[in-house]
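Dropping final-v2.txt in here (compact mmCIF, C-alpha atoms (C1' of nucleotides)):
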```
# COMPACT_ATOMS: atom_id res chain seq x y z
CA MET D 1274 11.23 7.51 -32.41
CA GLU D 1275 10.96 11.09 -31.41
CA GLU D 1276 11.22 11.74 -27.72
CA CYS D 1277 8.52 14.29 -27.45
CA ALA D 1278 8.45 14.23 -23.65
CA PRO D 1279 11.53 12.93 -21.88
CA SER D 1280 10.18 12.96 -18.34
CA ARG D 1281 6.73 14.44 -17.88
CA PRO D 1282 5.24 12.49 -14.93
CA PRO D 1283 7.68 12.24 -12.06
CA LEU D 1284 8.75 8.65 -11.61
CA GLY D 1285 7.81 8.85 -7.95
CA LEU D 1286 4.17 9.51 -8.81
CA LEU D 1287 4.03 6.58 -11.23
CA LEU D 1288 5.59 4.27 -8.67
CA ARG D 1289 3.17 5.36 -5.99
CA LEU D 1290 0.09 4.97 -8.16
CA VAL D 1291 1.06 1.58 -9.57
CA HIS D 1292 1.97 0.35 -6.11
CA GLN D 1293 -1.41 1.47 -4.81
CA HIS D 1294 -3.09 -0.46 -7.59
CA TRP D 1295 -1.06 -3.50 -6.70
CA THR D 1296 -1.95 -3.37 -3.02
CA GLN D 1297 -5.62 -2.93 -3.75
CA ALA D 1298 -5.53 -5.82 -6.20
CA VAL D 1299 -3.92 -8.10 -3.62
CA GLU D 1300 -6.47 -7.09 -1.03
CA ALA D 1301 -9.36 -7.68 -3.42
CA ALA D 1302 -7.97 -11.08 -4.43
CA LEU D 1303 -7.66 -12.22 -0.81
CA ASP D 1304 -11.17 -10.98 -0.20
CA GLU D 1305 -12.54 -12.84 -3.23
CA ALA D 1306 -10.85 -16.00 -2.00
CA GLY D 1307 -12.79 -15.64 1.24
CA PHE D 1308 -9.92 -14.47 3.44
CA GLY D 1309 -10.98 -10.93 4.17
CA ASP D 1310 -9.17 -11.06 7.50
CA ILE D 1311 -5.79 -11.55 5.79
CA ARG D 1312 -4.23 -8.32 4.58
CA PRO D 1313 -1.35 -7.77 2.17
CA PRO D 1314 1.41 -7.52 4.79
CA HIS D 1315 0.35 -10.88 6.20
CA ALA D 1316 0.98 -12.60 2.91
CA ASN D 1317 4.74 -12.46 3.48
CA VAL D 1318 4.41 -14.55 6.59
CA PHE D 1319 2.64 -17.32 4.69
CA THR D 1320 5.09 -17.06 1.82
CA PHE D 1321 8.19 -17.49 3.94
CA ALA D 1322 6.93 -19.70 6.76
CA ARG D 1323 8.72 -23.07 7.10
CA PRO D 1324 7.78 -26.27 8.90
CA GLU D 1325 10.80 -25.88 11.23
CA GLY D 1326 9.62 -22.43 12.21
CA ILE D 1327 11.12 -19.07 11.37
CA LYS D 1328 12.25 -16.07 13.39
CA VAL D 1329 10.65 -12.69 12.93
CA SER D 1330 14.08 -11.28 12.18
CA GLU D 1331 14.45 -13.71 9.29
CA LEU D 1332 11.04 -12.75 7.99
CA THR D 1333 12.00 -9.09 8.03
CA LYS D 1334 15.02 -9.79 5.85
CA LEU D 1335 13.05 -11.86 3.36
CA ALA D 1336 10.13 -9.42 3.08
CA HIS D 1337 12.26 -6.27 3.37
CA VAL D 1338 10.24 -4.63 6.06
CA ARG D 1339 11.26 -3.53 9.54
CA LYS D 1340 10.93 -5.57 12.69
CA GLN D 1341 7.95 -3.64 13.99
CA THR D 1342 6.01 -4.08 10.76
CA MET D 1343 6.61 -7.81 10.64
CA THR D 1344 6.00 -8.24 14.37
CA GLN D 1345 2.63 -6.59 13.96
CA ALA D 1346 1.71 -8.85 11.04
CA VAL D 1347 2.70 -11.94 13.04
CA GLU D 1348 0.79 -10.78 16.10
CA GLU D 1349 -2.33 -10.21 14.06
CA LEU D 1350 -2.05 -13.61 12.43
CA GLU D 1351 -1.52 -15.12 15.87
CA ARG D 1352 -4.67 -13.45 17.12
CA LEU D 1353 -6.54 -14.75 14.06
CA GLY D 1354 -5.26 -18.26 14.72
CA TYR D 1355 -3.17 -18.67 11.57
CA VAL D 1356 0.22 -18.87 13.29
CA GLU D 1357 1.72 -19.77 16.66
CA ARG D 1358 4.90 -18.55 18.32
CA ARG D 1359 7.07 -20.84 20.41
CA PRO D 1360 10.43 -20.22 22.05
CA ASP D 1361 13.45 -21.17 19.97
CA PRO D 1362 15.25 -24.01 21.78
CA ASP D 1363 18.57 -22.93 20.26
CA ASP D 1364 18.36 -19.21 21.05
CA ARG D 1365 16.68 -17.96 24.17
CA ARG D 1366 16.24 -14.47 22.70
CA ALA D 1367 14.16 -15.72 19.82
CA ARG D 1368 10.66 -17.00 19.27
CA LEU D 1369 9.87 -19.16 16.26
CA VAL D 1370 6.80 -18.61 14.12
CA PHE D 1371 4.87 -21.69 12.95
CA LEU D 1372 1.79 -22.01 10.80
CA SER D 1373 -1.17 -23.49 12.63
CA GLU D 1374 -3.32 -26.11 10.92
CA ARG D 1375 -5.60 -23.34 9.84
CA GLY D 1376 -2.63 -21.39 8.56
CA LYS D 1377 -1.37 -24.33 6.55
CA GLY D 1378 -4.71 -24.50 4.80
CA VAL D 1379 -4.53 -20.87 3.78
CA ARG D 1380 -0.93 -20.90 2.67
CA PRO D 1381 -1.37 -21.82 -0.99
CA ILE D 1382 -3.87 -19.04 -1.50
CA ALA D 1383 -1.84 -16.43 0.33
CA MET D 1384 1.32 -17.40 -1.51
CA ALA D 1385 -0.39 -17.43 -4.87
CA THR D 1386 -1.90 -13.99 -4.56
CA GLY D 1387 1.09 -12.11 -5.90
CA ARG D 1388 1.36 -14.45 -8.85
CA LEU D 1389 -2.36 -14.10 -9.48
CA ILE D 1390 -2.08 -10.33 -9.76
CA ASP D 1391 0.92 -10.75 -12.04
CA GLU D 1392 -1.17 -12.91 -14.31
CA ARG D 1393 -4.13 -10.58 -14.33
CA TRP D 1394 -1.93 -7.65 -15.13
CA ALA D 1395 -0.21 -9.68 -17.83
CA GLU D 1396 -3.63 -10.22 -19.37
CA ILE D 1397 -4.49 -6.56 -19.52
CA ALA D 1398 -1.05 -5.14 -20.27
CA GLY D 1399 0.81 -8.00 -21.95
CA SER D 1400 3.01 -10.45 -20.12
CA GLN D 1401 6.25 -9.27 -21.72
CA GLU D 1402 5.36 -5.73 -20.71
CA ILE D 1403 5.06 -6.84 -17.09
CA GLU D 1404 8.26 -8.87 -17.25
CA GLN D 1405 10.03 -5.93 -18.77
CA ILE D 1406 8.92 -3.67 -15.93
CA LYS D 1407 10.06 -6.19 -13.37
CA HIS D 1408 13.45 -6.65 -14.92
CA ALA D 1409 13.94 -2.93 -15.31
CA LEU D 1410 12.93 -2.23 -11.71
CA GLN D 1411 15.15 -5.04 -10.50
CA ARG D 1412 18.13 -3.69 -12.40
CA LEU D 1413 17.44 -0.21 -11.10
CA LEU D 1414 17.25 -1.49 -7.54
CA ASP D 1415 20.49 -3.41 -7.91
CA ARG D 1416 22.24 -0.29 -9.09
CA LEU D 1417 20.67 1.85 -6.38
CA GLN D 1418 21.71 -0.38 -3.53
CA GLY D 1419 24.79 -1.84 -5.13
CA ASP D 1420 23.65 -5.35 -4.40
CA ASP D 1421 20.70 -7.69 -4.72
CA GLN D 1422 18.62 -7.23 -1.62
CA THR D 1423 15.44 -8.86 -2.77
CA GLY D 1424 16.60 -12.36 -2.01
CA PHE D 1425 15.25 -13.38 -5.41
CA GLY D 1426 18.43 -12.82 -7.32
CA GLY D 1427 18.99 -16.46 -8.32
CA MET C 651 14.65 -16.13 -25.44
CA GLU C 652 14.16 -18.70 -22.77
CA GLU C 653 11.97 -17.61 -19.92
CA CYS C 654 14.04 -19.06 -17.16
CA ALA C 655 12.22 -17.14 -14.41
CA PRO C 656 8.87 -15.72 -15.37
CA SER C 657 8.13 -13.88 -12.15
CA ARG C 658 10.50 -14.42 -9.27
CA PRO C 659 10.26 -11.19 -7.22
CA PRO C 660 6.67 -10.10 -6.79
CA LEU C 661 6.09 -6.88 -8.66
CA GLY C 662 4.60 -5.35 -5.52
CA LEU C 663 7.86 -5.75 -3.63
CA LEU C 664 9.86 -4.14 -6.42
CA LEU C 665 7.46 -1.24 -6.61
CA ARG C 666 7.57 -0.71 -2.86
CA LEU C 667 11.36 -0.80 -2.63
CA VAL C 668 11.96 1.47 -5.61
CA HIS C 669 9.35 3.89 -4.34
CA GLN C 670 11.04 3.97 -0.95
CA HIS C 671 14.33 4.77 -2.61
CA TRP C 672 12.65 7.55 -4.53
CA THR C 673 11.12 9.12 -1.44
CA GLN C 674 14.37 8.98 0.47
CA ALA C 675 16.21 10.51 -2.46
CA VAL C 676 13.75 13.40 -2.63
CA GLU C 677 14.03 13.98 1.08
CA ALA C 678 17.82 13.94 0.95
CA ALA C 679 17.85 16.34 -2.00
CA LEU C 680 15.59 18.83 -0.21
CA ASP C 681 17.79 18.53 2.83
CA GLU C 682 20.96 19.13 0.82
CA ALA C 683 19.37 22.21 -0.69
CA GLY C 684 18.88 23.55 2.82
CA PHE C 685 15.13 22.99 3.08
CA GLY C 686 14.98 20.30 5.69
CA ASP C 687 11.57 21.54 6.80
CA ILE C 688 10.03 20.75 3.40
CA ARG C 689 9.06 17.12 3.01
CA PRO C 690 8.17 15.15 -0.13
CA PRO C 691 4.39 15.62 0.06
CA HIS C 692 4.88 19.38 0.24
CA ALA C 693 6.65 19.45 -3.11
CA ASN C 694 3.33 18.97 -4.91
CA VAL C 695 2.03 22.22 -3.50
CA PHE C 696 4.99 24.16 -4.88
CA THR C 697 4.77 22.34 -8.18
CA PHE C 698 1.14 23.14 -8.81
CA ALA C 699 0.74 26.50 -7.10
CA ARG C 700 -0.33 29.38 -9.36
CA PRO C 701 -0.20 33.16 -8.92
CA GLU C 702 -4.03 33.34 -9.04
CA GLY C 703 -4.21 30.84 -6.19
CA ILE C 704 -5.40 27.25 -6.26
CA LYS C 705 -7.98 25.25 -4.32
CA VAL C 706 -6.97 22.28 -2.23
CA SER C 707 -9.41 20.19 -4.23
CA GLU C 708 -7.57 21.07 -7.43
CA LEU C 709 -4.27 20.20 -5.82
CA THR C 710 -5.61 16.79 -4.83
CA LYS C 711 -6.53 16.03 -8.43
CA LEU C 712 -3.17 17.14 -9.78
CA ALA C 713 -1.10 15.28 -7.19
CA HIS C 714 -3.42 12.27 -6.95
CA VAL C 715 -3.73 12.25 -3.22
CA ARG C 716 -6.81 12.59 -1.02
CA LYS C 717 -8.13 15.78 0.46
CA GLN C 718 -6.87 15.06 3.94
CA THR C 719 -3.33 14.37 2.76
CA MET C 720 -3.17 17.58 0.74
CA THR C 721 -4.87 19.62 3.44
CA GLN C 722 -2.24 18.50 5.90
CA ALA C 723 0.58 19.43 3.54
CA VAL C 724 -0.93 22.87 2.98
CA GLU C 725 -1.47 23.43 6.70
CA GLU C 726 2.12 22.53 7.46
CA LEU C 727 3.40 24.84 4.74
CA GLU C 728 1.16 27.59 6.10
CA ARG C 729 2.60 27.10 9.57
CA LEU C 730 6.11 27.22 8.09
CA GLY C 731 5.25 30.43 6.27
CA TYR C 732 5.58 29.15 2.71
CA VAL C 733 1.92 29.55 1.73
CA GLU C 734 -1.16 31.55 2.71
CA ARG C 735 -4.83 30.67 2.41
CA ARG C 736 -7.43 33.28 1.53
CA PRO C 737 -11.13 32.89 0.85
CA ASP C 738 -12.10 32.41 -2.79
CA PRO C 739 -14.15 35.45 -3.84
CA ASP C 740 -16.01 33.34 -6.44
CA ASP C 741 -16.90 30.39 -4.22
CA ARG C 742 -17.70 30.84 -0.59
CA ARG C 743 -17.00 27.19 0.17
CA ALA C 744 -13.43 27.39 -1.03
CA ARG C 745 -10.16 28.83 0.20
CA LEU C 746 -7.36 29.59 -2.25
CA VAL C 747 -3.76 28.66 -1.58
CA PHE C 748 -1.09 31.22 -2.51
CA LEU C 749 2.68 31.05 -2.22
CA SER C 750 4.11 33.62 0.20
CA GLU C 751 7.22 35.56 -0.78
CA ARG C 752 9.23 32.99 1.05
CA GLY C 753 7.40 30.24 -0.80
CA LYS C 754 8.08 31.82 -4.16
CA GLY C 755 11.77 31.75 -3.38
CA VAL C 756 11.69 28.05 -2.64
CA ARG C 757 9.56 27.07 -5.59
CA PRO C 758 12.26 26.41 -8.18
CA ILE C 759 14.09 24.08 -5.85
CA ALA C 760 11.00 22.21 -4.72
CA MET C 761 9.78 21.81 -8.29
CA ALA C 762 13.16 20.68 -9.55
CA THR C 763 13.61 17.96 -6.97
CA GLY C 764 11.80 15.25 -8.90
CA ARG C 765 13.70 16.05 -12.05
CA LEU C 766 16.95 16.04 -10.10
CA ILE C 767 16.33 12.53 -8.86
CA ASP C 768 15.41 11.48 -12.39
CA GLU C 769 18.75 12.77 -13.59
CA ARG C 770 20.73 11.13 -10.82
CA TRP C 771 19.04 7.84 -11.47
CA ALA C 772 19.61 8.24 -15.18
CA GLU C 773 23.31 8.59 -14.41
CA ILE C 774 23.52 5.40 -12.44
CA ALA C 775 21.07 3.28 -14.43
CA GLY C 776 21.04 4.86 -17.88
CA SER C 777 18.59 7.48 -19.01
CA GLN C 778 16.84 5.27 -21.55
CA GLU C 779 16.39 2.65 -18.84
CA ILE C 780 14.61 5.22 -16.68
CA GLU C 781 12.52 6.48 -19.58
CA GLN C 782 11.59 2.93 -20.44
CA ILE C 783 10.41 2.28 -16.89
CA LYS C 784 8.36 5.45 -16.91
CA HIS C 785 6.70 4.68 -20.19
CA ALA C 786 5.99 1.12 -19.20
CA LEU C 787 4.51 2.17 -15.85
CA GLN C 788 2.47 4.85 -17.55
CA ARG C 789 1.07 2.37 -20.08
CA LEU C 790 0.31 -0.07 -17.30
CA LEU C 791 -1.49 2.60 -15.31
CA ASP C 792 -3.51 3.66 -18.32
CA ARG C 793 -4.63 0.10 -18.87
CA LEU C 794 -5.36 -0.44 -15.18
CA GLN C 795 -7.57 2.57 -14.83
CA GLY C 796 -8.84 2.66 -18.36
CA ASP C 797 -7.92 6.28 -18.66
CA ASP C 798 -5.09 8.72 -18.11
CA GLN C 799 -5.41 9.92 -14.56
CA THR C 800 -1.97 11.38 -14.12
CA GLY C 801 -2.79 14.62 -15.82
CA PHE C 802 0.48 14.31 -17.69
CA GLY C 803 -0.92 12.55 -20.70
CA GLY C 804 0.25 15.28 -23.07
C1' DG E 653 36.48 -15.82 30.81
C1' DA E 654 35.81 -10.80 30.51
C1' DG E 655 34.65 -7.15 27.52
C1' DA E 656 33.14 -5.31 23.14
C1' DT E 657 29.95 -6.04 19.61
C1' DA E 658 26.06 -8.02 17.19
C1' DT E 659 21.48 -9.86 17.18
C1' DA E 660 16.32 -10.99 18.78
C1' DG E 661 12.66 -8.86 20.06
C1' DA E 662 9.74 -5.14 22.76
C1' DC E 663 8.33 -0.41 23.34
C1' DA E 664 7.34 4.37 22.03
C1' DG E 665 6.38 7.46 18.50
C1' DG E 666 6.13 9.45 13.62
C1' DT E 667 4.77 9.78 8.39
C1' DA E 668 2.15 9.62 4.22
C1' DC E 669 -1.14 7.76 2.55
C1' DC E 670 -6.17 5.87 2.98
C1' DT E 671 -11.64 5.71 4.20
C1' DG E 672 -16.11 7.35 5.70
C1' DA E 673 -19.24 10.71 7.63
C1' DC E 674 -20.47 15.44 8.05
C1' DT E 675 -21.55 20.79 6.96
C1' DA E 676 -21.73 24.65 3.91
C1' DT E 677 -22.25 26.12 -0.58
C1' DT E 678 -22.97 25.88 -5.60
C1' DA E 679 -24.87 23.88 -9.82
C1' DT E 680 -28.64 21.36 -12.14
C1' DG E 681 -33.05 19.81 -13.81
C1' DT E 682 -37.81 20.12 -14.28
C1' DA Q 673 -38.05 28.17 -7.56
C1' DC Q 674 -37.29 24.49 -5.36
C1' DA Q 675 -35.64 19.71 -4.66
C1' DT Q 676 -31.61 17.18 -5.83
C1' DA Q 677 -27.10 16.33 -6.74
C1' DA Q 678 -22.36 17.65 -6.93
C1' DT Q 679 -18.41 20.01 -4.77
C1' DA Q 680 -15.18 22.44 -1.05
C1' DG Q 681 -13.53 21.58 3.06
C1' DT Q 682 -13.43 19.61 8.01
C1' DC Q 683 -13.37 15.93 11.42
C1' DA Q 684 -12.48 11.34 13.14
C1' DG Q 685 -10.14 7.19 12.55
C1' DG Q 686 -7.26 3.44 10.22
C1' DT Q 687 -3.07 1.17 7.69
C1' DA Q 688 1.54 -0.03 6.43
C1' DC Q 689 5.37 1.49 6.51
C1' DC Q 690 9.31 4.10 9.05
C1' DT Q 691 12.83 5.65 13.13
C1' DG Q 692 15.10 5.34 17.55
C1' DT Q 693 15.81 3.39 22.12
C1' DC Q 694 16.06 -0.37 25.33
C1' DT Q 695 16.83 -5.27 27.44
C1' DA Q 696 18.28 -9.95 27.09
C1' DT Q 697 21.02 -13.15 24.95
C1' DA Q 698 24.80 -14.66 21.68
C1' DT Q 699 29.09 -14.30 19.55
C1' DC Q 700 33.48 -12.92 18.74
C1' DT Q 701 38.26 -11.38 20.40
C1' DC Q 702 41.90 -11.33 23.17
```

As C-alpha cells, the full file:
Amino acid sequence: MEECAPSRPPLGLLLRLVHQHWTQAVEAALDEAGFGDIRPPHANVFTFARPEGIKVSELTKLAHVRKQTMTQAVEELERLGYVERRPDPDDRRARLVFLSERGKGVRPIAMATGRLIDERWAEIAGSQEIEQIKHALQRLLDRLQGDDQTGFGG
Amino acid sequence: MEECAPSRPPLGLLLRLVHQHWTQAVEAALDEAGFGDIRPPHANVFTFARPEGIKVSELTKLAHVRKQTMTQAVEELERLGYVERRPDPDDRRARLVFLSERGKGVRPIAMATGRLIDERWAEIAGSQEIEQIKHALQRLLDRLQGDDQTGFGG
DNA sequence: GAGATATAGACAGGTACCTGACTATTATGT
DNA sequence: ACATAATAGTCAGGTACCTGTCTATATCTC
C-alpha cells in the first residue's frame, strides 16, 4: 500500500466534475422520462411537497438552497402548472405550495430520479463504492459544519 | 454488515454541499493571505502558468472549464495586473498568457491554496478519510467518462 | 401591550459555470 | 494546391447557485 501520490488532483476539482456529471445525469433522466420541462432544481419541490402544503422557507431548509433559488423553482413550476400557491391561513406572511393534479402525477418520477442515478452509478462503479463515497462525504460534512444539516441524519 | 439505509441523502446534494464548503474555504484562505482580489477560478491560471506562456485553450483543458470561463478569469487577472497577454509568434490565432512580476510573487500562495484546504480538512476529518474520498471520486470519474480527464492520472 | 427580535417572502444584483454560433488561422488529405 | 476539418479565440445568452436589503407579519420579553 504505497502512497505514491498523496493528493494530486485538488479535491475541489474532483467534487466539481463529479457534481457536474450528477446534474447532467439527472437532467438526462428527466428528459428520458418525458419531462424535459422539469430541471434538477425543481426535483426538490416534488420530493418535499406535502398534501397539507409547504412553505418556501421550509423547502429551502430541506433542500439546502437559498430562498431566491427555491422561489424561482416554485415560480417556474407554477408557470408550468405543476404546483399552486395559496395563502397560509395560519400565517399571513406565508404562501403554501401545493402540487396540482398534474404535479401529483409527476411526483414519483421526479422523486425517483436521484435514486435512479444512484443505481446507475452503482452499476458502473460498484454499489459499495458509491455508498462509501456517500458515507465519507456525509462524515466530512458533519465535521465541517459541526452538525447534520442534510436533514437525512436519521 | 446490515444495510440499514442504502441511500438516504442523494449523492448530488452531498457533492453540492461539500463543493460549496470547498469553494468558501479557498476564498477565505486567499482572503487571509491578503489577496482578496483573487477568486477561486483565478487560482487555476496561477497553477498552470508557465514561463514560456500558455494559451487559454490549454488552460481550459488543464482546469476542465470552458473557454469563456477561463477567458474571463484571465481578463480579470490582466485587469488586476497579475498576468499579461501577448500574441503567440508561432500561431497567429493564439495569444499567450504570462505572469507579470506581480503575478509571479503571488503564484506560490495561489498554487498552495488547494493543498492548504486539503491539509485543514485532513486535520478535522482525518487525512486517510480525505485521501479515500479523493481516490473514490477519481475512480468514479474515470468510470463515468471512460478515461482519465483530470490530467492528474500520474 | 409596546418594543425588540425573528421569520416569510420579494426585489436587486453578482458569480462561476454552461451552451451555441461565429471569425480567423492552421493542419490535413488527396 | 486546394477543399476540408480542426483549433484559437470572441460574442451573445442561459442556469443554478449566491449575497444583501427591504416590508409585512409573528413571536417573544418585560

- Message: I want to know what sits within 12 Å of DA673 of chain E, based on all atoms listed in the file, with residues of the same chain fewer than 4 positions away left out; could you give that as a PyMOL selection string?
- Response: chain Q and resi 682-685

Report the closest atom pair, with its distance in Å rounded to one decimal, for each residue of chain E that has an atom no farther than 7 Å from chain C; count only C-alpha atoms (C1' of nucleotides), sort by chain and then rising residue number, and write it as a tab-separated table.
```
residue	atom	partner	partner_atom	distance
E:DC669	C1'	C:Thr719	CA	7.0
E:DA676	C1'	C:Arg743	CA	6.5
E:DT677	C1'	C:Arg743	CA	5.4
```

Centre and edge lengths of an axis-aligned box around all listed atoms of segment 689-695 of chain Q, with 5 Å added on each side, are to be given in Å to one decimal, as lines of an AutoDock Vina configuration file.
```
center_x = 11.1
center_y = 0.2
center_z = 17.0
size_x = 21.5
size_y = 20.9
size_z = 30.9
```

- Message: For DA664 of chain E, find every residue with an atom within 12 Å (counting all atoms listed in the file), except residues of its own chain fewer than 5 positions away, and show them as a ChimeraX atom specification.
- Response: /D:1341 /Q:691-694

- From Q:DA680, Q:DA673, Q:DC690, Q:DA698, residue lying nearest DG666 of chain E [only C-alpha atoms (C1' of nucleotides)]: Q:DC690

Report chain C as a short mmCIF file (atom, residue, chain, number, x, y, z; two decimals) with C-alpha atoms, in the frame of the given file in the frame of chain D, after least-squares superposition over all C-alpha atoms paired in order.
```cif
data_model
loop_
_atom_site.label_atom_id
_atom_site.label_comp_id
_atom_site.auth_asym_id
_atom_site.auth_seq_id
_atom_site.Cartn_x
_atom_site.Cartn_y
_atom_site.Cartn_z
CA MET C 651 13.34 8.39 -32.17
CA GLU C 652 12.49 11.89 -31.17
CA GLU C 653 12.34 12.47 -27.46
CA CYS C 654 9.26 14.61 -27.45
CA ALA C 655 8.76 14.35 -23.68
CA PRO C 656 11.75 13.20 -21.72
CA SER C 657 10.13 13.04 -18.31
CA ARG C 658 6.61 14.37 -18.01
CA PRO C 659 5.09 12.39 -15.09
CA PRO C 660 7.49 12.16 -12.19
CA LEU C 661 8.60 8.59 -11.73
CA GLY C 662 7.65 8.79 -8.06
CA LEU C 663 4.01 9.43 -8.90
CA LEU C 664 3.89 6.50 -11.30
CA LEU C 665 5.46 4.21 -8.76
CA ARG C 666 3.04 5.31 -6.06
CA LEU C 667 -0.06 4.89 -8.21
CA VAL C 668 0.92 1.51 -9.62
CA HIS C 669 1.85 0.29 -6.16
CA GLN C 670 -1.53 1.39 -4.85
CA HIS C 671 -3.23 -0.54 -7.60
CA TRP C 672 -1.16 -3.57 -6.71
CA THR C 673 -2.05 -3.42 -3.03
CA GLN C 674 -5.73 -3.00 -3.74
CA ALA C 675 -5.64 -5.89 -6.18
CA VAL C 676 -4.03 -8.16 -3.58
CA GLU C 677 -6.57 -7.15 -0.99
CA ALA C 678 -9.46 -7.76 -3.37
CA ALA C 679 -8.06 -11.16 -4.36
CA LEU C 680 -7.73 -12.27 -0.73
CA ASP C 681 -11.25 -11.06 -0.12
CA GLU C 682 -12.61 -12.94 -3.12
CA ALA C 683 -10.91 -16.08 -1.88
CA GLY C 684 -12.84 -15.71 1.37
CA PHE C 685 -9.97 -14.51 3.55
CA GLY C 686 -11.02 -10.99 4.26
CA ASP C 687 -9.20 -11.09 7.58
CA ILE C 688 -5.82 -11.58 5.87
CA ARG C 689 -4.29 -8.35 4.63
CA PRO C 690 -1.42 -7.78 2.20
CA PRO C 691 1.37 -7.53 4.80
CA HIS C 692 0.32 -10.89 6.23
CA ALA C 693 0.94 -12.64 2.93
CA ASN C 694 4.70 -12.46 3.49
CA VAL C 695 4.39 -14.56 6.61
CA PHE C 696 2.61 -17.34 4.73
CA THR C 697 5.04 -17.07 1.85
CA PHE C 698 8.15 -17.48 3.94
CA ALA C 699 6.94 -19.70 6.78
CA ARG C 700 8.71 -23.05 7.12
CA PRO C 701 7.79 -26.26 8.95
CA GLU C 702 10.84 -25.87 11.24
CA GLY C 703 9.64 -22.41 12.21
CA ILE C 704 11.14 -19.05 11.34
CA LYS C 705 12.30 -16.04 13.35
CA VAL C 706 10.68 -12.66 12.89
CA SER C 707 14.11 -11.26 12.11
CA GLU C 708 14.46 -13.69 9.22
CA LEU C 709 11.03 -12.75 7.96
CA THR C 710 11.99 -9.07 7.98
CA LYS C 711 14.99 -9.78 5.76
CA LEU C 712 13.00 -11.87 3.31
CA ALA C 713 10.09 -9.43 3.03
CA HIS C 714 12.21 -6.28 3.30
CA VAL C 715 10.21 -4.64 6.00
CA ARG C 716 11.26 -3.53 9.48
CA LYS C 717 10.93 -5.54 12.64
CA GLN C 718 7.96 -3.62 13.93
CA THR C 719 5.99 -4.06 10.72
CA MET C 720 6.61 -7.80 10.62
CA THR C 721 6.01 -8.22 14.34
CA GLN C 722 2.63 -6.59 13.95
CA ALA C 723 1.70 -8.86 11.06
CA VAL C 724 2.72 -11.93 13.05
CA GLU C 725 0.82 -10.77 16.14
CA GLU C 726 -2.32 -10.21 14.12
CA LEU C 727 -2.03 -13.62 12.49
CA GLU C 728 -1.49 -15.15 15.93
CA ARG C 729 -4.64 -13.47 17.21
CA LEU C 730 -6.52 -14.75 14.15
CA GLY C 731 -5.23 -18.25 14.81
CA TYR C 732 -3.15 -18.67 11.65
CA VAL C 733 0.25 -18.87 13.35
CA GLU C 734 1.78 -19.75 16.71
CA ARG C 735 4.97 -18.52 18.33
CA ARG C 736 7.16 -20.81 20.41
CA PRO C 737 10.53 -20.17 22.00
CA ASP C 738 13.55 -21.13 19.91
CA PRO C 739 15.35 -23.96 21.73
CA ASP C 740 18.68 -22.89 20.18
CA ASP C 741 18.48 -19.18 20.96
CA ARG C 742 16.86 -17.92 24.09
CA ARG C 743 16.39 -14.45 22.63
CA ALA C 744 14.28 -15.70 19.76
CA ARG C 745 10.76 -16.97 19.25
CA LEU C 746 9.92 -19.13 16.23
CA VAL C 747 6.83 -18.58 14.13
CA PHE C 748 4.92 -21.68 13.00
CA LEU C 749 1.81 -22.00 10.86
CA SER C 750 -1.15 -23.49 12.74
CA GLU C 751 -3.29 -26.12 11.04
CA ARG C 752 -5.59 -23.37 9.98
CA GLY C 753 -2.63 -21.41 8.65
CA LYS C 754 -1.38 -24.35 6.64
CA GLY C 755 -4.73 -24.54 4.93
CA VAL C 756 -4.57 -20.91 3.90
CA ARG C 757 -0.98 -20.95 2.76
CA PRO C 758 -1.44 -21.88 -0.90
CA ILE C 759 -3.94 -19.10 -1.41
CA ALA C 760 -1.92 -16.47 0.41
CA MET C 761 1.25 -17.43 -1.45
CA ALA C 762 -0.48 -17.49 -4.81
CA THR C 763 -1.98 -14.04 -4.49
CA GLY C 764 1.00 -12.16 -5.87
CA ARG C 765 1.28 -14.50 -8.80
CA LEU C 766 -2.44 -14.18 -9.43
CA ILE C 767 -2.18 -10.42 -9.72
CA ASP C 768 0.82 -10.84 -12.01
CA GLU C 769 -1.27 -13.02 -14.27
CA ARG C 770 -4.25 -10.69 -14.28
CA TRP C 771 -2.05 -7.77 -15.11
CA ALA C 772 -0.32 -9.79 -17.80
CA GLU C 773 -3.74 -10.35 -19.34
CA ILE C 774 -4.62 -6.71 -19.50
CA ALA C 775 -1.19 -5.27 -20.28
CA GLY C 776 0.68 -8.14 -21.93
CA SER C 777 2.90 -10.57 -20.10
CA GLN C 778 6.12 -9.40 -21.72
CA GLU C 779 5.23 -5.84 -20.73
CA ILE C 780 4.95 -6.94 -17.11
CA GLU C 781 8.15 -8.96 -17.28
CA GLN C 782 9.92 -6.02 -18.82
CA ILE C 783 8.81 -3.75 -15.99
CA LYS C 784 9.96 -6.26 -13.42
CA HIS C 785 13.35 -6.70 -14.97
CA ALA C 786 13.84 -3.00 -15.40
CA LEU C 787 12.83 -2.28 -11.79
CA GLN C 788 15.06 -5.07 -10.58
CA ARG C 789 18.05 -3.71 -12.51
CA LEU C 790 17.33 -0.24 -11.21
CA LEU C 791 17.15 -1.50 -7.65
CA ASP C 792 20.39 -3.40 -8.02
CA ARG C 793 22.13 -0.28 -9.24
CA LEU C 794 20.56 1.88 -6.54
CA GLN C 795 21.64 -0.31 -3.69
CA GLY C 796 24.75 -1.69 -5.28
CA ASP C 797 23.67 -5.19 -4.49
CA ASP C 798 20.76 -7.58 -4.78
CA GLN C 799 18.70 -7.09 -1.67
CA THR C 800 15.52 -8.75 -2.81
CA GLY C 801 16.71 -12.23 -2.08
CA PHE C 802 15.31 -13.26 -5.44
CA GLY C 803 18.48 -12.75 -7.39
CA GLY C 804 18.59 -16.37 -8.54
#
```

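Put simply, atom C1' of DC674 of chain Q is 13.2 Å away from atom C1' of DA679 of chain E.
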
Interface rows for chain C against chain Q: nearest pair, Å to one decimal, 12 Å, only C-alpha atoms (C1' of nucleotides), as CSV:
```
residue,atom,partner,partner_atom,distance
C:Arg666,CA,Q:DC689,C1',9.9
C:Leu667,CA,Q:DC689,C1',11.2
C:His669,CA,Q:DC689,C1',11.8
C:Gln670,CA,Q:DC689,C1',9.7
C:Thr673,CA,Q:DC690,C1',11.8
C:Gln674,CA,Q:DC690,C1',11.1
C:Lys705,CA,Q:DA680,C1',8.4
C:Val706,CA,Q:DA680,C1',8.3
C:Ser707,CA,Q:DA680,C1',7.0
C:Glu708,CA,Q:DA680,C1',10.0
C:Thr710,CA,Q:DA680,C1',11.7
C:Arg716,CA,Q:DG681,C1',11.9
C:Lys717,CA,Q:DG681,C1',8.3
C:Gln718,CA,Q:DT682,C1',9.0
C:Met720,CA,Q:DG681,C1',11.3
C:Thr721,CA,Q:DG681,C1',8.9
C:Gln722,CA,Q:DT682,C1',11.4
C:Pro737,CA,Q:DA680,C1',11.4
C:Asp738,CA,Q:DA680,C1',10.6
C:Asp741,CA,Q:DA680,C1',8.7
C:Arg742,CA,Q:DA680,C1',8.8
C:Arg743,CA,Q:DA680,C1',5.2
C:Ala744,CA,Q:DA680,C1',5.3
C:Arg745,CA,Q:DA680,C1',8.2
C:Leu746,CA,Q:DA680,C1',10.7
```
